[in-house]
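Reproduced below: protein.txt, with compact mmCIF, C-alpha atoms and all ligand atoms.
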```
# COMPACT_ATOMS: atom_id res chain seq x y z
CA MET A 881 -22.80 -11.11 4.37
CA SER A 882 -26.33 -9.84 4.55
CA SER A 883 -27.98 -8.79 7.76
CA ALA A 884 -31.61 -9.00 8.68
CA ASN A 885 -31.90 -5.27 8.03
CA PRO A 886 -32.11 -4.49 4.31
CA LEU A 887 -32.16 -0.73 4.91
CA LEU A 888 -28.88 -0.98 6.81
CA ASP A 889 -27.42 -3.15 4.02
CA PHE A 890 -28.51 -0.61 1.44
CA VAL A 891 -27.01 2.32 3.35
CA LEU A 892 -23.74 0.41 3.75
CA ILE A 893 -23.41 -0.37 0.02
CA HIS A 894 -23.37 3.33 -0.75
CA ALA A 895 -21.39 4.38 2.32
CA ASP A 896 -18.75 1.78 1.45
CA ASN A 897 -18.69 2.86 -2.21
CA SER A 898 -17.87 6.40 -1.11
CA LEU A 899 -15.34 5.45 1.55
CA ILE A 900 -13.41 2.98 -0.59
CA LEU A 901 -13.42 5.19 -3.67
CA SER A 902 -12.24 8.03 -1.48
CA GLN A 903 -9.40 5.90 -0.12
CA ARG A 904 -8.28 5.11 -3.66
CA LEU A 905 -8.52 8.74 -4.78
CA SER A 906 -6.57 9.94 -1.78
CA GLU A 907 -3.67 7.67 -2.81
CA TRP A 908 -3.13 10.31 -5.52
CA CYS A 909 -2.43 13.04 -2.96
CA GLY A 910 0.93 14.52 -3.94
CA HIS A 911 1.16 12.31 -7.04
CA GLY A 912 -1.30 13.96 -9.44
CA PRO A 913 -0.09 14.64 -12.98
CA VAL A 914 -0.31 18.40 -12.38
CA LEU A 915 -1.08 20.38 -9.25
CA GLU A 916 -4.61 21.38 -10.32
CA GLN A 917 -5.59 17.77 -11.00
CA ASP A 918 -3.96 16.57 -7.81
CA MET A 919 -6.27 19.02 -6.02
CA ALA A 920 -9.28 17.89 -8.04
CA LEU A 921 -8.67 14.24 -7.13
CA THR A 922 -8.28 15.00 -3.44
CA ASN A 923 -11.26 17.39 -3.40
CA ILE A 924 -13.41 14.62 -4.84
CA ALA A 925 -11.98 12.22 -2.26
CA LEU A 926 -12.96 14.69 0.46
CA ASP A 927 -16.53 15.02 -0.81
CA HIS A 928 -16.85 11.24 -0.70
CA ILE A 929 -15.54 11.07 2.87
CA GLY A 930 -18.22 13.58 3.85
CA ARG A 931 -20.89 11.52 2.14
CA ALA A 932 -19.61 8.28 3.72
CA ARG A 933 -19.75 9.92 7.16
CA LEU A 934 -23.37 11.03 6.76
CA LEU A 935 -24.29 7.50 5.69
CA TYR A 936 -22.29 5.72 8.40
CA GLN A 937 -23.85 7.97 11.05
CA TYR A 938 -27.25 6.84 9.81
CA ALA A 939 -26.05 3.21 9.66
CA ALA A 940 -24.94 3.43 13.30
CA GLU A 941 -28.43 4.59 14.30
CA LEU A 942 -30.09 1.84 12.26
CA ASP A 943 -27.75 -0.76 13.72
CA GLY A 944 -28.67 0.31 17.24
CA THR A 945 -26.03 -1.73 19.04
CA GLY A 946 -23.88 1.22 20.04
CA LYS A 947 -21.53 1.10 17.07
CA THR A 948 -20.21 4.45 15.83
CA GLU A 949 -19.52 5.71 12.31
CA ASP A 950 -15.83 4.94 12.92
CA ASP A 951 -16.57 1.30 13.81
CA PHE A 952 -18.25 0.91 10.42
CA ALA A 953 -15.42 2.59 8.58
CA PHE A 954 -12.44 1.06 10.31
CA VAL A 955 -13.05 -2.15 12.21
CA ARG A 956 -15.12 -4.34 9.96
CA ASP A 957 -13.65 -7.28 8.11
CA GLU A 958 -13.39 -7.70 4.38
CA LEU A 959 -16.61 -9.72 4.04
CA ASP A 960 -18.62 -7.00 5.78
CA TYR A 961 -17.83 -4.31 3.19
CA LYS A 962 -20.46 -4.05 0.47
CA ASN A 963 -18.82 -1.68 -2.01
CA VAL A 964 -18.80 -2.57 -5.69
CA LEU A 965 -15.59 -4.04 -7.11
CA LEU A 966 -15.13 -0.95 -9.28
CA ALA A 967 -14.63 1.27 -6.21
CA GLU A 968 -11.68 -0.79 -4.96
CA TYR A 969 -10.02 -1.21 -8.37
CA PRO A 970 -6.44 0.07 -8.09
CA ASN A 971 -5.56 3.48 -9.54
CA VAL A 972 -3.10 1.95 -12.07
CA ASP A 973 -2.63 5.27 -13.90
CA PHE A 974 -4.47 8.55 -14.47
CA ALA A 975 -6.54 7.08 -17.33
CA TYR A 976 -7.80 4.17 -15.21
CA THR A 977 -8.57 6.57 -12.37
CA ILE A 978 -10.54 8.87 -14.69
CA LEU A 979 -12.51 6.03 -16.18
CA ARG A 980 -13.31 4.48 -12.78
CA GLN A 981 -14.50 7.91 -11.62
CA PHE A 982 -16.60 8.40 -14.75
CA PHE A 983 -18.30 5.02 -14.28
CA MET A 984 -19.09 5.90 -10.64
CA ASP A 985 -20.25 9.47 -11.39
CA SER A 986 -22.39 8.45 -14.39
CA PHE A 987 -24.31 6.20 -12.00
CA TYR A 988 -24.52 8.50 -9.00
CA ILE A 989 -25.61 11.58 -10.93
CA ASP A 990 -28.96 9.98 -11.78
CA PHE A 991 -29.17 7.71 -8.75
CA LEU A 992 -28.85 10.64 -6.32
CA ASP A 993 -31.22 12.77 -8.37
CA LYS A 994 -33.88 10.09 -7.90
CA MET A 995 -32.90 9.34 -4.30
CA VAL A 996 -34.01 12.86 -3.42
CA LEU A 997 -37.54 11.46 -3.83
CA SER A 998 -36.88 8.55 -1.46
CA THR A 999 -39.60 7.76 1.07
CA ASP A 1000 -36.77 7.68 3.64
CA THR A 1001 -36.40 11.32 4.71
CA ARG A 1002 -32.86 10.97 5.98
CA LEU A 1003 -31.62 9.35 2.76
CA SER A 1004 -33.46 11.95 0.72
CA GLN A 1005 -31.65 14.73 2.58
CA ILE A 1006 -28.25 13.08 2.23
CA ALA A 1007 -28.87 12.56 -1.50
CA ASN A 1008 -29.85 16.19 -1.93
CA LYS A 1009 -26.67 17.25 -0.16
CA SER A 1010 -24.49 14.92 -2.27
CA LEU A 1011 -26.09 15.58 -5.66
CA LYS A 1012 -24.56 18.99 -6.27
CA GLU A 1013 -21.13 17.61 -5.41
CA THR A 1014 -21.56 14.71 -7.82
CA GLN A 1015 -22.61 17.11 -10.60
CA TYR A 1016 -19.18 18.71 -10.31
CA HIS A 1017 -17.44 15.32 -10.18
CA TYR A 1018 -19.32 14.11 -13.24
CA LYS A 1019 -18.46 17.18 -15.26
CA TRP A 1020 -14.80 16.74 -14.36
CA SER A 1021 -14.53 12.99 -15.07
CA LYS A 1022 -16.54 13.26 -18.31
CA ASP A 1023 -14.39 16.16 -19.56
CA TRP A 1024 -11.26 14.14 -18.87
CA VAL A 1025 -12.56 11.02 -20.63
CA ILE A 1026 -13.13 13.17 -23.71
CA ARG A 1027 -9.87 15.05 -23.34
CA LEU A 1028 -7.81 11.86 -23.08
CA GLY A 1029 -9.80 9.90 -25.67
CA ASP A 1030 -9.80 12.75 -28.16
CA GLY A 1031 -6.28 13.85 -27.25
CA THR A 1032 -2.92 12.53 -28.36
CA GLU A 1033 -2.21 9.06 -29.68
CA VAL A 1034 -0.73 8.09 -26.32
CA SER A 1035 -3.58 9.50 -24.20
CA HIS A 1036 -6.12 7.83 -26.48
CA GLN A 1037 -4.40 4.48 -26.23
CA LYS A 1038 -4.13 4.74 -22.43
CA ILE A 1039 -7.80 5.47 -21.84
CA GLN A 1040 -8.91 2.87 -24.39
CA THR A 1041 -6.77 0.30 -22.52
CA ALA A 1042 -8.38 1.36 -19.24
CA LEU A 1043 -11.82 1.11 -20.81
CA ASN A 1044 -11.17 -2.38 -22.17
CA ARG A 1045 -10.08 -3.51 -18.70
CA LEU A 1046 -12.68 -1.71 -16.55
CA TRP A 1047 -15.68 -2.36 -18.79
CA GLU A 1048 -16.55 -5.59 -16.96
CA TYR A 1049 -16.69 -3.66 -13.67
CA HIS A 1050 -19.11 -0.92 -14.66
CA GLY A 1051 -22.32 -2.95 -14.54
CA GLU A 1052 -22.40 -4.03 -10.89
CA LEU A 1053 -23.68 -0.62 -9.76
CA VAL A 1054 -26.95 -0.95 -11.67
CA VAL A 1055 -27.74 -4.56 -10.73
CA PRO A 1056 -29.76 -4.38 -7.49
CA SER A 1057 -28.70 -6.62 -4.61
CA ASP A 1058 -31.34 -8.47 -2.57
CA ALA A 1059 -31.41 -5.59 -0.08
CA GLU A 1060 -31.71 -3.05 -2.89
CA LYS A 1061 -34.62 -4.96 -4.41
CA ILE A 1062 -36.49 -4.64 -1.12
CA MET A 1063 -35.63 -0.93 -1.01
CA ILE A 1064 -36.93 -0.44 -4.55
CA ALA A 1065 -40.19 -2.19 -3.64
CA GLN A 1066 -40.58 0.16 -0.66
CA LYS A 1067 -39.77 3.22 -2.80
CA ILE A 1068 -36.79 3.95 -0.56
CA ALA A 1069 -34.59 3.36 -3.61
CA PRO A 1070 -35.47 4.37 -7.18
CA ASP A 1071 -36.12 2.09 -10.14
CA PHE A 1072 -32.72 0.79 -11.24
CA GLU A 1073 -33.86 0.07 -14.82
CA GLU A 1074 -34.51 3.75 -15.39
CA ILE A 1075 -31.14 4.72 -13.96
CA LYS A 1076 -29.42 2.05 -16.02
CA ALA A 1077 -30.97 3.45 -19.22
CA LEU A 1078 -29.98 7.03 -18.40
CA ARG A 1079 -26.48 5.93 -17.54
CA THR A 1080 -26.01 3.85 -20.67
CA GLN A 1081 -26.94 6.90 -22.70
CA ARG A 1082 -24.44 9.08 -20.82
CA ILE A 1083 -21.72 6.47 -21.30
CA LEU A 1084 -22.30 5.89 -25.01
CA GLU A 1085 -22.56 9.60 -25.82
CA THR A 1086 -19.36 10.36 -23.93
CA PHE A 1087 -17.39 7.51 -25.51
CA ALA A 1088 -18.59 8.58 -28.96
CA GLU A 1089 -17.41 12.14 -28.31
CA ALA A 1090 -14.11 10.78 -26.98
CA ASN A 1091 -13.58 8.58 -30.07
CA LEU A 1092 -13.45 5.52 -27.85
CA THR A 1093 -14.56 2.05 -28.87
CA THR A 1094 -17.12 0.67 -26.43
CA PRO A 1095 -16.26 -2.98 -25.68
CA SER A 1096 -18.84 -5.47 -26.90
CA ASN A 1097 -18.27 -8.06 -24.16
CA PRO A 1098 -21.52 -8.19 -22.16
CA TRP A 1099 -20.12 -10.20 -19.24
CA GLN A 1100 -19.92 -8.29 -15.96
CA GLN A 1101 -18.17 -8.84 -12.65
CA SER A 1102 -20.21 -8.97 -9.45
CA GLY A 1103 -19.83 -9.91 -5.80
CA GLY A 1104 -18.79 -6.72 -4.05
CA LYS A 1105 -22.28 -5.96 -2.76
CA LYS A 1106 -22.29 -9.43 -1.15
CA GLY A 1107 -18.89 -8.93 0.42
CA TYR A 1108 -16.86 -10.94 -2.09
CA HIS A 1109 -13.97 -8.68 -2.99
CA SER A 1110 -11.00 -8.70 -5.29
CA GLU A 1111 -7.44 -9.65 -4.36
CA HIS A 1112 -6.66 -5.92 -4.12
CA PHE A 1113 -9.08 -5.25 -1.29
CA GLY A 1114 -7.16 -6.77 1.63
CA PHE A 1115 -4.19 -4.52 0.90
CA LEU A 1116 -6.42 -1.46 0.78
CA LEU A 1117 -8.04 -2.33 4.12
CA THR A 1118 -4.69 -3.06 5.74
CA GLU A 1119 -3.53 0.45 5.00
CA MET A 1120 -6.86 2.18 5.69
CA GLN A 1121 -7.48 0.38 8.98
CA PHE A 1122 -3.92 0.35 10.29
CA MET A 1123 -4.32 3.04 12.93
CA GLN A 1124 -7.50 1.63 14.47
CA ARG A 1125 -6.17 -1.94 14.40
CA ALA A 1126 -2.84 -0.99 15.95
CA TYR A 1127 -4.25 1.49 18.48
CA PRO A 1128 -7.90 0.53 19.05
CA GLY A 1129 -10.11 3.48 19.87
CA LEU A 1130 -7.43 6.03 19.04
CA ASP A 1131 -8.95 9.52 18.90
CA TRP A 1132 -7.70 13.00 17.98
CA MET B 1306 -44.38 21.89 26.70
CA THR B 1307 -41.29 24.04 26.39
CA GLU B 1308 -41.91 27.38 24.76
CA THR B 1309 -39.95 28.31 21.62
CA LYS B 1310 -39.29 32.00 21.03
CA ILE B 1311 -37.63 33.83 18.16
CA ASN B 1312 -36.79 37.52 17.80
CA THR B 1313 -36.19 38.03 21.51
CA SER B 1314 -33.52 40.36 22.83
CA ARG B 1315 -31.38 37.26 23.48
CA THR B 1316 -31.64 35.98 19.89
CA GLU B 1317 -31.03 39.50 18.53
CA ASN B 1318 -27.93 39.79 20.71
CA ALA B 1319 -26.80 36.40 19.45
CA LYS B 1320 -27.09 37.64 15.86
CA LYS B 1321 -24.92 40.65 16.68
CA ILE B 1322 -22.29 38.35 18.17
CA LEU B 1323 -22.39 36.00 15.17
CA HIS B 1324 -21.64 38.91 12.82
CA GLU B 1325 -18.18 38.78 14.42
CA VAL B 1326 -17.66 35.02 14.06
CA TYR B 1327 -15.73 34.34 10.88
CA ASP B 1328 -15.18 31.42 8.52
CA PRO B 1329 -11.71 30.09 9.42
CA GLU B 1330 -10.82 29.57 5.75
CA ILE B 1331 -12.26 32.80 4.35
CA PRO B 1332 -11.79 35.14 7.30
CA VAL B 1333 -13.67 38.09 5.75
CA LEU B 1334 -16.97 36.20 5.77
CA SER B 1335 -18.96 35.95 8.97
CA VAL B 1336 -20.98 32.82 9.58
CA LEU B 1337 -24.09 34.91 8.86
CA ASP B 1338 -22.65 36.15 5.53
CA LEU B 1339 -21.94 32.53 4.62
CA GLY B 1340 -25.56 31.57 5.24
CA VAL B 1341 -24.83 28.54 7.40
CA ILE B 1342 -26.81 29.79 10.42
CA ARG B 1343 -30.35 28.64 9.72
CA SER B 1344 -32.17 29.45 12.94
CA ILE B 1345 -31.57 31.06 16.32
CA ARG B 1346 -34.26 30.57 18.95
CA GLU B 1347 -34.88 30.29 22.66
CA VAL B 1348 -36.23 26.94 23.73
CA GLY B 1349 -36.97 27.26 27.43
CA GLU B 1350 -33.68 28.29 29.03
CA ILE B 1351 -31.57 27.14 26.09
CA LEU B 1352 -30.43 29.18 23.12
CA GLU B 1353 -30.60 26.81 20.15
CA VAL B 1354 -28.67 27.49 16.94
CA ASP B 1355 -29.15 25.45 13.75
CA ILE B 1356 -26.09 25.21 11.51
CA THR B 1357 -26.03 23.63 8.07
CA PRO B 1358 -22.79 22.41 6.46
CA THR B 1359 -21.56 24.01 3.23
CA TYR B 1360 -19.98 20.89 1.73
CA SER B 1361 -20.51 17.48 3.36
CA ALA B 1362 -16.89 17.17 4.32
CA CYS B 1363 -15.97 20.83 4.79
CA PRO B 1364 -13.29 20.69 7.49
CA ALA B 1365 -14.18 24.24 8.58
CA MET B 1366 -17.59 23.17 9.88
CA LYS B 1367 -16.31 21.75 13.15
CA VAL B 1368 -14.32 24.93 13.78
CA ILE B 1369 -17.34 27.09 12.92
CA GLU B 1370 -19.48 25.12 15.34
CA MET B 1371 -16.92 25.51 18.13
CA SER B 1372 -16.44 29.23 17.41
CA VAL B 1373 -20.19 29.87 17.49
CA GLN B 1374 -20.52 28.01 20.77
CA ALA B 1375 -17.56 29.81 22.34
CA ALA B 1376 -18.63 33.30 21.15
CA LEU B 1377 -22.17 32.91 22.49
CA ASP B 1378 -20.96 31.44 25.77
CA GLN B 1379 -18.46 34.27 26.20
CA ALA B 1380 -21.16 36.86 25.57
CA GLY B 1381 -23.12 35.35 28.44
CA LEU B 1382 -25.89 34.11 26.14
CA GLY B 1383 -25.59 30.46 27.18
CA PRO B 1384 -26.55 27.76 27.74
CA VAL B 1385 -26.24 27.16 24.00
CA LYS B 1386 -27.16 24.08 22.00
CA ILE B 1387 -25.92 23.69 18.41
CA ASN B 1388 -27.86 21.47 16.00
CA THR B 1389 -26.59 20.37 12.60
CA VAL B 1390 -29.33 20.36 9.98
CA LEU B 1391 -29.08 19.03 6.41
CA ASP B 1392 -32.44 20.13 5.09
CA PRO B 1393 -32.89 22.39 3.22
CA VAL B 1394 -29.48 21.99 1.63
CA TRP B 1395 -27.08 24.91 1.84
CA THR B 1396 -26.71 26.97 -1.30
CA THR B 1397 -24.55 29.93 -2.25
CA ASP B 1398 -27.85 31.76 -2.85
CA TRP B 1399 -27.92 32.24 0.93
CA MET B 1400 -24.70 34.20 0.93
CA SER B 1401 -25.44 37.80 1.93
CA ALA B 1402 -25.00 40.64 -0.59
CA GLU B 1403 -22.60 42.22 1.87
CA GLY B 1404 -20.70 38.92 2.01
CA LYS B 1405 -20.31 38.90 -1.79
CA VAL B 1406 -18.85 42.42 -1.72
CA LYS B 1407 -16.44 41.42 1.04
CA LEU B 1408 -15.36 38.35 -0.95
CA LEU B 1409 -14.61 40.45 -4.03
CA GLU B 1410 -12.60 42.95 -2.00
CA TYR B 1411 -10.69 40.04 -0.49
CA GLY B 1412 -9.72 38.85 -3.99
CA ILE B 1413 -12.17 35.96 -4.40
CA ALA B 1414 -14.73 36.20 -7.21
CA PRO B 1415 -18.16 35.72 -5.61
CA PRO B 1416 -20.68 33.12 -6.88
CA GLN B 1417 -22.33 34.41 -10.06
CA LEU B 1418 -25.42 32.47 -10.92
CA SER B 1419 -28.28 31.28 -8.87
CA ALA B 1420 -27.46 27.72 -7.86
CA ARG B 1421 -31.16 26.96 -8.34
CA ILE B 1422 -30.47 26.53 -12.02
CA LYS B 1423 -30.68 22.78 -12.37
CA ASN B 1424 -28.04 22.10 -14.96
CA LEU B 1425 -25.20 24.08 -13.54
CA SER B 1426 -23.39 25.51 -16.50
CA LEU B 1427 -20.16 24.73 -14.77
CA GLY B 1428 -17.13 26.54 -16.06
CA ASN B 1429 -19.15 28.24 -18.80
CA THR B 1430 -20.10 31.32 -16.83
CA THR B 1431 -18.17 34.54 -17.34
CA ILE B 1432 -16.30 35.30 -14.16
CA SER B 1433 -14.75 38.74 -13.70
CA CYS B 1434 -11.22 39.04 -12.40
CA PRO B 1435 -11.31 40.39 -8.82
CA GLN B 1436 -8.01 42.24 -9.45
CA CYS B 1437 -8.68 44.14 -12.69
CA ALA B 1438 -12.38 43.40 -13.41
CA SER B 1439 -11.58 41.96 -16.84
CA THR B 1440 -13.99 39.31 -18.08
CA ASN B 1441 -11.24 37.75 -20.19
CA THR B 1442 -10.73 34.88 -17.72
CA VAL B 1443 -10.39 31.13 -17.95
CA CYS B 1444 -11.21 28.29 -15.57
CA ILE B 1445 -8.03 26.36 -14.73
CA SER B 1446 -9.67 23.84 -12.42
CA GLU B 1447 -13.14 23.42 -10.94
CA PHE B 1448 -11.49 22.18 -7.78
CA GLY B 1449 -9.48 24.78 -5.89
CA SER B 1450 -7.75 25.35 -2.58
CA THR B 1451 -10.90 24.50 -0.61
CA ALA B 1452 -14.03 22.51 -1.44
CA CYS B 1453 -16.02 25.69 -2.17
CA LYS B 1454 -13.65 27.28 -4.67
CA ALA B 1455 -12.56 26.88 -8.29
CA LEU B 1456 -9.29 28.14 -9.71
CA TYR B 1457 -9.35 30.78 -12.47
CA LYS B 1458 -6.79 32.83 -14.32
CA CYS B 1459 -7.12 36.33 -15.73
CA LYS B 1460 -5.80 36.57 -19.29
CA ASP B 1461 -5.39 40.36 -19.05
CA CYS B 1462 -3.55 40.93 -15.79
CA LEU B 1463 -2.33 37.29 -15.80
CA GLU B 1464 -3.13 36.83 -12.10
CA PRO B 1465 -4.62 33.55 -10.90
CA PHE B 1466 -7.64 33.88 -8.60
CA ASP B 1467 -10.18 31.86 -6.65
CA TYR B 1468 -13.84 31.74 -7.62
CA PHE B 1469 -16.41 30.82 -4.99
CA LYS B 1470 -18.44 28.21 -6.90
CA CYS B 1471 -22.20 28.25 -7.21
CA HIS B 1472 -23.59 25.49 -5.11
ZN ZN C 1501 -7.21 40.50 -14.06
```
Mind turning this structure into structure tokens?
Ligand SMILES: [Zn+2]
Amino acid sequence: MSSANPLLDFVLIHADNSLILSQRLSEWCGHGPVLEQDMALTNIALDHIGRARLLYQYAAELDGTGKTEDDFAFVRDELDYKNVLLAEYPNVDFAYTILRQFFMDSFYIDFLDKMVLSTDTRLSQIANKSLKETQYHYKWSKDWVIRLGDGTEVSHQKIQTALNRLWEYHGELVVPSDAEKIMIAQKIAPDFEEIKALRTQRILETFAEANLTTPSNPWQQSGGKKGYHSEHFGFLLTEMQFMQRAYPGLDW
Amino acid sequence: MTETKINTSRTENAKKILHEVYDPEIPVLSVLDLGVIRSIREVGEILEVDITPTYSACPAMKVIEMSVQAALDQAGLGPVKINTVLDPVWTTDWMSAEGKVKLLEYGIAPPQLSARIKNLSLGNTTISCPQCASTNTVCISEFGSTACKALYKCKDCLEPFDYFKCH
């Protein structure tokens, strides 16, 4: 669903990407393969919650109808969420989780770097705040792609399987939605073609170093930015929204 | 128009008080050592304090804000207004030299490089062990017990330790 406010739509795409990715990552809490990586996954989840909050606070101001950041996070319906399908993709296993993270980070590292130059001061500040965090995330997810791909026979096979499956989800991030096109024209958002080129280079270099075969299938999934989500999304929302649905307005 | 004043006896008193307000997660660092207090000024009758978050989701920030408010109120320096500012973005470069010494004594390796270096050479910096000062150390995980720390291990004394990451 698109509103009459493309800036609000744009803010929500990226707020929702962070919130939903964070929800997925936090499912790992207490289940990580080793303690240090359990902490890495949940630290990254926490950074994304912080980013989502900054963006939802701005969204609430742009919306101007008295909604709060929590209303955006917890009481919207499935069609109102604009996150990419990649963000909601289930964890499956550590290899899938690493690859999903790498696809997100390899976009955000350049996207945020350019967003610092946004003509929207608030978004520029939030991007500047988030960029350093994403640099750490990117280093971590890239290292793990290489470590698994260039690791044992089993780790290689697991991450190659994840890559073959997730490949069709990586492109949605760099295809601008209608709202994003307006933002690009107004220089609120950066040129997506440039980011796409930088990201493709990061991806290909990393997969080469990890001895992974990049799938040749060019077809890509889309729909998340318009609110059309996968069959997994309803389950995620049911869990994430439970408290506010069962006890509306519940506060600490 | 309301007059804004800095460096008054009230703002100087506030600074003295804030030297005694500590980070709840690293209790040897005061909020001034941490570099999160960006401005203290009198605006009319109100003492305004600008605070910037370390990490976007640092759970200590709310506690820091409440502690600052309470300490200044208790010292009779109120009414106090706390503002959260994002720009310029917090960096470990703002940590005081005194703060870095206190961190080391507490057993946390202080941030090494200037965070201004664009391509953070993450994990490639030599970090000295806060226990035995050996540089024969290894990064176990860039994500540690809190958002601001990485986990290291000393290969000489074999102790694990926290490193306060450059940010
Ligand atoms: Zn040592």
So how many Å separate CA of Pro1435 (chain B) and CA of Ser1401 (chain B), to one decimal? 17.9 Å
For chain B, which residue out of A:Val964, A:Ile1083, A:Ala1007, A:Leu892 is the nearest one, using all atoms listed in the file? A:Ala1007
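Every chain B residue lying within 7 Å of chain A, based on all atoms listed in the file, is listed here: Ser1361, Ala1362, Leu1391, Asp1392, Val1394, Ser1446, Phe1448, Gly1449, Ala1452 and His1472 of chain B.
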Would you compute the distance between CA of Ile1413 (chain B) and CA of Asp1398 (chain B)? Give it in Å to one decimal. 16.3 Å
One residue among B:Trp1395, B:Tyr1457, B:Tyr1327, B:Tyr1468 is nearest to Ser1372 (chain B) when using all atoms listed in the file, and that residue is B:Tyr1327
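With CA of Asp990 (chain A) on one side and CA of Phe1072 (chain A) on the other, the separation reads 9.9 Å.
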Choose the residue, out of B:Leu1408, B:Val1385, B:Leu1339, B:Met1400, that has the smallest atom-to-atom separation from Thr1316 (chain B); count only C-alpha atoms.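 Among B:Leu1408, B:Val1385, B:Leu1339, B:Met1400, it is B:Val1385 that comes nearest to Thr1316 (chain B).
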Can you tell me which residues come within 6 Å of ligand ZN 1501 (chain C) when counting all atoms listed in the file, ideally as a PyMOL selection string? chain B and resi 1434+1436-1439+1459+1461-1462+1464
Report as a Markdown table: every residue of region 907-1018 of chain A with an atom at most 10 Å from region 1092-1103 of chain A, its closest pair of atoms, and their distance in Å to one decimal, counting all atoms listed in the file, with rows sorted by chain and ascending residue number.
```
| residue | atom | partner | partner_atom | distance |
| --- | --- | --- | --- | --- |
| A:Lys962 | CA | A:Gly1103 | CA | 8.6 |
| A:Asn963 | CA | A:Gly1103 | CA | 9.1 |
| A:Val964 | CA | A:Gly1103 | CA | 7.4 |
| A:Leu965 | CA | A:Ser1102 | CA | 7.2 |
| A:Leu966 | CA | A:Gln1101 | CA | 9.1 |
```
